[in-house]
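Trainee: What follows is coords30.pdb, PDB, C-alpha atoms, pLDDT in the B column.
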ATOM      1  CA  MET R 451    -230.580  69.948 -32.944  1.00 70.00           C
ATOM      2  CA  THR R 452    -231.490  66.412 -31.975  1.00 78.00           C
ATOM      3  CA  ASN R 453    -233.181  65.178 -28.807  1.00 91.00           C
ATOM      4  CA  GLU R 454    -231.077  62.029 -28.772  1.00 94.00           C
ATOM      5  CA  LEU R 455    -228.187  61.846 -26.347  1.00 96.00           C
ATOM      6  CA  THR R 456    -224.711  60.750 -27.233  1.00 95.00           C
ATOM      7  CA  LEU R 457    -223.232  57.799 -25.370  1.00 96.00           C
ATOM      8  CA  THR R 458    -221.210  60.230 -23.252  1.00 97.00           C
ATOM      9  CA  GLU R 459    -224.292  62.335 -22.480  1.00 96.00           C
ATOM     10  CA  SER R 460    -226.309  59.232 -21.569  1.00 97.00           C
ATOM     11  CA  GLY R 461    -223.587  58.127 -19.162  1.00 97.00           C
ATOM     12  CA  ASN R 462    -223.386  61.604 -17.670  1.00 97.00           C
ATOM     13  CA  LEU R 463    -227.173  61.752 -17.240  1.00 97.00           C
ATOM     14  CA  GLU R 464    -227.144  58.412 -15.444  1.00 97.00           C
ATOM     15  CA  ILE R 465    -224.427  59.606 -13.045  1.00 97.00           C
ATOM     16  CA  LEU R 466    -226.172  62.919 -12.372  1.00 97.00           C
ATOM     17  CA  GLU R 467    -229.534  61.241 -11.769  1.00 96.00           C
ATOM     18  CA  GLY R 468    -227.797  58.947  -9.270  1.00 94.00           C
ATOM     19  CA  VAL R 469    -226.493  62.024  -7.440  1.00 94.00           C
ATOM     20  CA  ILE R 470    -230.013  63.479  -7.370  1.00 89.00           C
ATOM     21  CA  GLN R 471    -231.484  60.196  -6.105  1.00 87.00           C
ATOM     22  CA  SER R 472    -228.918  60.030  -3.286  1.00 87.00           C
ATOM     23  CA  GLY R 473    -229.459  63.689  -2.457  1.00 86.00           C
ATOM     24  CA  LEU R 474    -233.214  63.287  -2.272  1.00 83.00           C
ATOM     25  CA  LYS R 475    -232.770  60.441   0.184  1.00 84.00           C
ATOM     26  CA  THR R 476    -230.447  62.608   2.259  1.00 89.00           C
ATOM     27  CA  PHE R 477    -232.982  65.466   2.276  1.00 86.00           C
ATOM     28  CA  ALA R 478    -235.661  63.020   3.362  1.00 89.00           C
ATOM     29  CA  ASP R 479    -233.446  61.601   6.111  1.00 92.00           C
ATOM     30  CA  VAL R 480    -232.592  65.069   7.419  1.00 94.00           C
ATOM     31  CA  GLY R 481    -236.217  66.194   7.292  1.00 94.00           C
ATOM     32  CA  ASN R 482    -237.409  63.051   9.061  1.00 94.00           C
ATOM     33  CA  ALA R 483    -234.787  63.509  11.778  1.00 97.00           C
ATOM     34  CA  LEU R 484    -235.802  67.137  12.309  1.00 97.00           C
ATOM     35  CA  LEU R 485    -239.461  66.124  12.388  1.00 96.00           C
ATOM     36  CA  GLU R 486    -238.845  63.547  15.096  1.00 97.00           C
ATOM     37  CA  ILE R 487    -236.692  65.944  17.116  1.00 97.00           C
ATOM     38  CA  ARG R 488    -239.399  68.593  16.876  1.00 97.00           C
ATOM     39  CA  ASP R 489    -242.399  66.378  17.509  1.00 97.00           C
ATOM     40  CA  ASN R 490    -240.822  64.568  20.454  1.00 98.00           C
ATOM     41  CA  ARG R 491    -239.262  67.768  21.814  1.00 97.00           C
ATOM     42  CA  LEU R 492    -235.834  66.113  21.871  1.00 98.00           C
ATOM     43  CA  TYR R 493    -234.261  69.561  21.563  1.00 97.00           C
ATOM     44  CA  ARG R 494    -235.352  70.460  25.104  1.00 96.00           C
ATOM     45  CA  VAL R 495    -232.153  69.202  26.740  1.00 95.00           C
ATOM     46  CA  GLY R 496    -230.160  72.115  25.341  1.00 94.00           C
ATOM     47  CA  SER R 497    -232.595  74.577  23.804  1.00 97.00           C
ATOM     48  CA  LYS R 498    -235.834  76.199  24.874  1.00 96.00           C
ATOM     49  CA  THR R 499    -237.435  75.913  21.441  1.00 97.00           C
ATOM     50  CA  PHE R 500    -237.057  73.906  18.280  1.00 97.00           C
ATOM     51  CA  GLU R 501    -236.242  77.115  16.429  1.00 97.00           C
ATOM     52  CA  LEU R 502    -233.361  77.897  18.816  1.00 97.00           C
ATOM     53  CA  TYR R 503    -232.145  74.314  18.558  1.00 97.00           C
ATOM     54  CA  CYS R 504    -231.969  74.562  14.765  1.00 97.00           C
ATOM     55  CA  LYS R 505    -230.189  77.887  14.913  1.00 97.00           C
ATOM     56  CA  GLU R 506    -227.738  77.005  17.677  1.00 97.00           C
ATOM     57  CA  ARG R 507    -226.980  73.413  16.706  1.00 97.00           C
ATOM     58  CA  TRP R 508    -227.206  73.459  12.914  1.00 97.00           C
ATOM     59  CA  CYS R 509    -227.049  77.163  11.962  1.00 97.00           C
ATOM     60  CA  ILE R 510    -230.325  76.923  10.064  1.00 96.00           C
ATOM     61  CA  GLY R 511    -233.411  79.026  10.504  1.00 96.00           C
ATOM     62  CA  SER R 512    -236.799  77.651  11.407  1.00 92.00           C
ATOM     63  CA  SER R 513    -238.094  78.270   7.882  1.00 95.00           C
ATOM     64  CA  ARG R 514    -235.291  76.121   6.433  1.00 95.00           C
ATOM     65  CA  ALA R 515    -236.014  73.392   8.999  1.00 96.00           C
ATOM     66  CA  ARG R 516    -239.706  73.456   8.039  1.00 95.00           C
ATOM     67  CA  GLN R 517    -238.731  73.300   4.379  1.00 94.00           C
ATOM     68  CA  LEU R 518    -236.599  70.206   5.010  1.00 93.00           C
ATOM     69  CA  ILE R 519    -239.437  68.593   6.965  1.00 94.00           C
ATOM     70  CA  ASP R 520    -241.930  69.383   4.185  1.00 93.00           C
ATOM     71  CA  THR R 521    -239.526  68.030   1.570  1.00 86.00           C
ATOM     72  CA  SER R 522    -239.129  64.775   3.476  1.00 87.00           C
ATOM     73  CA  GLU R 523    -242.891  64.339   3.641  1.00 83.00           C
ATOM     74  CA  LYS R 524    -243.251  64.991  -0.083  1.00 82.00           C
ATOM     75  CA  ALA R 525    -240.325  62.719  -0.950  1.00 76.00           C
ATOM     76  CA  ALA R 526    -242.070  59.885   0.876  1.00 77.00           C
ATOM     77  CA  LEU R 527    -244.988  60.247  -1.523  1.00 79.00           C
ATOM     78  CA  CYS R 528    -242.715  59.847  -4.558  1.00 76.00           C
ATOM     79  CA  GLN R 529    -241.165  56.564  -3.518  1.00 66.00           C
TER
END
Would you mind writing the file's structure down as structure tokens?

Mentor:
Amino acid sequence: MTNELTLTESGNLEILEGVIQSGLKTFADVGNALLEIRDNRLYRVGSKTFELYCKERWCIGSSRARQLIDTSEKAALCQ
């Protein structure tokens, strides 16, 4: 088995890496938005807590929201 990619595989890799790059930016954007909402308490108009806001508005738990925030912070280091 060879480590070299065929022309088709190289093209596919390029497309897939583009999808990953776009997705990482989206994760970072979502995490940054959640961070700002949390830190500035922008959720307070409709929810008592950030955790309730995430659950009621976006159907995500607080651990997932924290994970997205953490991911956005780490993604910023990689760019």

Trainee: Using all atoms listed in the file, which protein or nucleic acid residues come within 12 Å of Arg507 in chain R? Drop anything in the same chain fewer than 6 positions from it, and give the result as a compact mmCIF listing (two decimals) with C-alpha atoms, keeping the file's coordinate frame.

Mentor:
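The file below, out_3.txt, is the result:
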# COMPACT_ATOMS: atom_id res chain seq x y z
CA LEU R 484 -235.80 67.14 12.31
CA TYR R 493 -234.26 69.56 21.56
CA GLY R 496 -230.16 72.11 25.34
CA SER R 497 -232.60 74.58 23.80
CA THR R 499 -237.44 75.91 21.44
CA PHE R 500 -237.06 73.91 18.28
CA GLU R 501 -236.24 77.11 16.43
CA ALA R 515 -236.01 73.39 9.00

Trainee: Using CA of Ile510 in chain R and CA of Glu523 in chain R as the two end points, give the distance in Å to one decimal.

Mentor: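 About the pair CA of Ile510 in chain R and CA of Glu523 in chain R: they are 18.9 Å apart.
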
Trainee: Between R:Cys504, R:Leu474, R:Ile465, R:Leu527, which one has atoms that come closest to Ile487 in chain R, using all atoms listed in the file?

Mentor: R:Cys504

Trainee: I need the residue nearest Tyr503 in chain R from this list: R:Gln517, R:Met451, R:Arg488, R:Ala525. Use all atoms listed in the file for the distance.

Mentor: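 Among the listed residues, the smallest separation from Tyr503 in chain R belongs to R:Arg488.
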
Trainee: Tell me, in Å to one decimal, how far CA of Asn482 in chain R is from CA of Ile519 in chain R.

Mentor: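 Result for CA of Asn482 in chain R versus CA of Ile519 in chain R: 6.3 Å, one decimal.
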
Trainee: In Å, how far is it from CA of Ser522 in chain R to CA of Phe477 in chain R?

Mentor: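 Taking CA of Ser522 in chain R and CA of Phe477 in chain R, their separation equals 6.3 Å.
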
Trainee: Name the residues that the PyMOL selection byres ((chain R and resi 475) around 12) picks from the file above, as an NGL selection string, using the file's chain letters and numbers.

Mentor: :R and (468-474 or 476-482 or 518 or 521-526 or 528-529)

Trainee: Write the residues of the selection above to a file with C-alpha atoms, as a PDB file, keeping the file's coordinate frame.

Mentor:
ATOM      1  CA  GLY R 468    -227.797  58.947  -9.270  1.00 94.00           C
ATOM      2  CA  VAL R 469    -226.493  62.024  -7.440  1.00 94.00           C
ATOM      3  CA  ILE R 470    -230.013  63.479  -7.370  1.00 89.00           C
ATOM      4  CA  GLN R 471    -231.484  60.196  -6.105  1.00 87.00           C
ATOM      5  CA  SER R 472    -228.918  60.030  -3.286  1.00 87.00           C
ATOM      6  CA  GLY R 473    -229.459  63.689  -2.457  1.00 86.00           C
ATOM      7  CA  LEU R 474    -233.214  63.287  -2.272  1.00 83.00           C
ATOM      8  CA  THR R 476    -230.447  62.608   2.259  1.00 89.00           C
ATOM      9  CA  PHE R 477    -232.982  65.466   2.276  1.00 86.00           C
ATOM     10  CA  ALA R 478    -235.661  63.020   3.362  1.00 89.00           C
ATOM     11  CA  ASP R 479    -233.446  61.601   6.111  1.00 92.00           C
ATOM     12  CA  VAL R 480    -232.592  65.069   7.419  1.00 94.00           C
ATOM     13  CA  GLY R 481    -236.217  66.194   7.292  1.00 94.00           C
ATOM     14  CA  ASN R 482    -237.409  63.051   9.061  1.00 94.00           C
ATOM     15  CA  LEU R 518    -236.599  70.206   5.010  1.00 93.00           C
ATOM     16  CA  THR R 521    -239.526  68.030   1.570  1.00 86.00           C
ATOM     17  CA  SER R 522    -239.129  64.775   3.476  1.00 87.00           C
ATOM     18  CA  GLU R 523    -242.891  64.339   3.641  1.00 83.00           C
ATOM     19  CA  LYS R 524    -243.251  64.991  -0.083  1.00 82.00           C
ATOM     20  CA  ALA R 525    -240.325  62.719  -0.950  1.00 76.00           C
ATOM     21  CA  ALA R 526    -242.070  59.885   0.876  1.00 77.00           C
ATOM     22  CA  CYS R 528    -242.715  59.847  -4.558  1.00 76.00           C
ATOM     23  CA  GLN R 529    -241.165  56.564  -3.518  1.00 66.00           C
TER      24      GLN R 529
END

Trainee: With the input short on atoms, add N, CA and C atoms back to range 476-499 of chain R and write it as a PDB file, in the coordinates of the input.

Mentor:
ATOM      1  N   THR R 476    -231.069  61.866   1.168  1.00 89.00           N
ATOM      2  CA  THR R 476    -230.447  62.608   2.259  1.00 89.00           C
ATOM      3  C   THR R 476    -231.377  63.701   2.776  1.00 89.00           C
ATOM      4  N   PHE R 477    -232.014  64.446   1.860  1.00 86.00           N
ATOM      5  CA  PHE R 477    -232.982  65.466   2.276  1.00 86.00           C
ATOM      6  C   PHE R 477    -234.089  64.834   3.106  1.00 86.00           C
ATOM      7  N   ALA R 478    -234.583  63.702   2.645  1.00 89.00           N
ATOM      8  CA  ALA R 478    -235.661  63.020   3.362  1.00 89.00           C
ATOM      9  C   ALA R 478    -235.189  62.575   4.735  1.00 89.00           C
ATOM     10  N   ASP R 479    -233.982  62.044   4.817  1.00 92.00           N
ATOM     11  CA  ASP R 479    -233.446  61.601   6.111  1.00 92.00           C
ATOM     12  C   ASP R 479    -233.299  62.768   7.074  1.00 92.00           C
ATOM     13  N   VAL R 480    -232.768  63.875   6.582  1.00 94.00           N
ATOM     14  CA  VAL R 480    -232.592  65.069   7.419  1.00 94.00           C
ATOM     15  C   VAL R 480    -233.946  65.601   7.877  1.00 94.00           C
ATOM     16  N   GLY R 481    -234.880  65.704   6.948  1.00 94.00           N
ATOM     17  CA  GLY R 481    -236.217  66.194   7.292  1.00 94.00           C
ATOM     18  C   GLY R 481    -236.914  65.303   8.295  1.00 94.00           C
ATOM     19  N   ASN R 482    -236.792  63.989   8.118  1.00 94.00           N
ATOM     20  CA  ASN R 482    -237.409  63.051   9.061  1.00 94.00           C
ATOM     21  C   ASN R 482    -236.781  63.162  10.446  1.00 94.00           C
ATOM     22  N   ALA R 483    -235.467  63.345  10.494  1.00 97.00           N
ATOM     23  CA  ALA R 483    -234.787  63.509  11.778  1.00 97.00           C
ATOM     24  C   ALA R 483    -235.258  64.787  12.480  1.00 97.00           C
ATOM     25  N   LEU R 484    -235.330  65.875  11.727  1.00 97.00           N
ATOM     26  CA  LEU R 484    -235.802  67.137  12.309  1.00 97.00           C
ATOM     27  C   LEU R 484    -237.247  67.013  12.782  1.00 97.00           C
ATOM     28  N   LEU R 485    -238.067  66.326  12.014  1.00 96.00           N
ATOM     29  CA  LEU R 485    -239.461  66.124  12.388  1.00 96.00           C
ATOM     30  C   LEU R 485    -239.567  65.376  13.718  1.00 96.00           C
ATOM     31  N   GLU R 486    -238.803  64.324  13.849  1.00 97.00           N
ATOM     32  CA  GLU R 486    -238.845  63.547  15.096  1.00 97.00           C
ATOM     33  C   GLU R 486    -238.315  64.349  16.278  1.00 97.00           C
ATOM     34  N   ILE R 487    -237.230  65.091  16.052  1.00 97.00           N
ATOM     35  CA  ILE R 487    -236.692  65.944  17.116  1.00 97.00           C
ATOM     36  C   ILE R 487    -237.729  66.976  17.538  1.00 97.00           C
ATOM     37  N   ARG R 488    -238.384  67.578  16.570  1.00 97.00           N
ATOM     38  CA  ARG R 488    -239.399  68.593  16.876  1.00 97.00           C
ATOM     39  C   ARG R 488    -240.605  67.987  17.580  1.00 97.00           C
ATOM     40  N   ASP R 489    -241.159  66.944  16.979  1.00 97.00           N
ATOM     41  CA  ASP R 489    -242.399  66.378  17.509  1.00 97.00           C
ATOM     42  C   ASP R 489    -242.238  65.742  18.889  1.00 97.00           C
ATOM     43  N   ASN R 490    -241.056  65.198  19.148  1.00 98.00           N
ATOM     44  CA  ASN R 490    -240.822  64.568  20.454  1.00 98.00           C
ATOM     45  C   ASN R 490    -240.093  65.489  21.431  1.00 98.00           C
ATOM     46  N   ARG R 491    -239.909  66.737  20.997  1.00 97.00           N
ATOM     47  CA  ARG R 491    -239.262  67.768  21.814  1.00 97.00           C
ATOM     48  C   ARG R 491    -237.891  67.319  22.329  1.00 97.00           C
ATOM     49  N   LEU R 492    -237.153  66.609  21.488  1.00 98.00           N
ATOM     50  CA  LEU R 492    -235.834  66.113  21.871  1.00 98.00           C
ATOM     51  C   LEU R 492    -234.809  67.225  21.993  1.00 98.00           C
ATOM     52  N   TYR R 493    -235.134  68.390  21.485  1.00 97.00           N
ATOM     53  CA  TYR R 493    -234.261  69.561  21.563  1.00 97.00           C
ATOM     54  C   TYR R 493    -234.217  70.153  22.966  1.00 97.00           C
ATOM     55  N   ARG R 494    -235.156  69.771  23.820  1.00 96.00           N
ATOM     56  CA  ARG R 494    -235.352  70.460  25.104  1.00 96.00           C
ATOM     57  C   ARG R 494    -234.176  70.328  26.064  1.00 96.00           C
ATOM     58  N   VAL R 495    -233.307  69.365  25.854  1.00 95.00           N
ATOM     59  CA  VAL R 495    -232.153  69.202  26.740  1.00 95.00           C
ATOM     60  C   VAL R 495    -231.184  70.383  26.643  1.00 95.00           C
ATOM     61  N   GLY R 496    -231.109  71.023  25.481  1.00 94.00           N
ATOM     62  CA  GLY R 496    -230.160  72.115  25.341  1.00 94.00           C
ATOM     63  C   GLY R 496    -230.732  73.416  24.821  1.00 94.00           C
ATOM     64  N   SER R 497    -231.982  73.381  24.375  1.00 97.00           N
ATOM     65  CA  SER R 497    -232.595  74.577  23.804  1.00 97.00           C
ATOM     66  C   SER R 497    -234.026  74.717  24.301  1.00 97.00           C
ATOM     67  N   LYS R 498    -234.469  75.953  24.408  1.00 96.00           N
ATOM     68  CA  LYS R 498    -235.834  76.199  24.874  1.00 96.00           C
ATOM     69  C   LYS R 498    -236.866  75.909  23.800  1.00 96.00           C
ATOM     70  N   THR R 499    -236.486  76.117  22.538  1.00 97.00           N
ATOM     71  CA  THR R 499    -237.435  75.913  21.441  1.00 97.00           C
ATOM     72  C   THR R 499    -236.747  75.154  20.312  1.00 97.00           C
TER      73      THR R 499
END
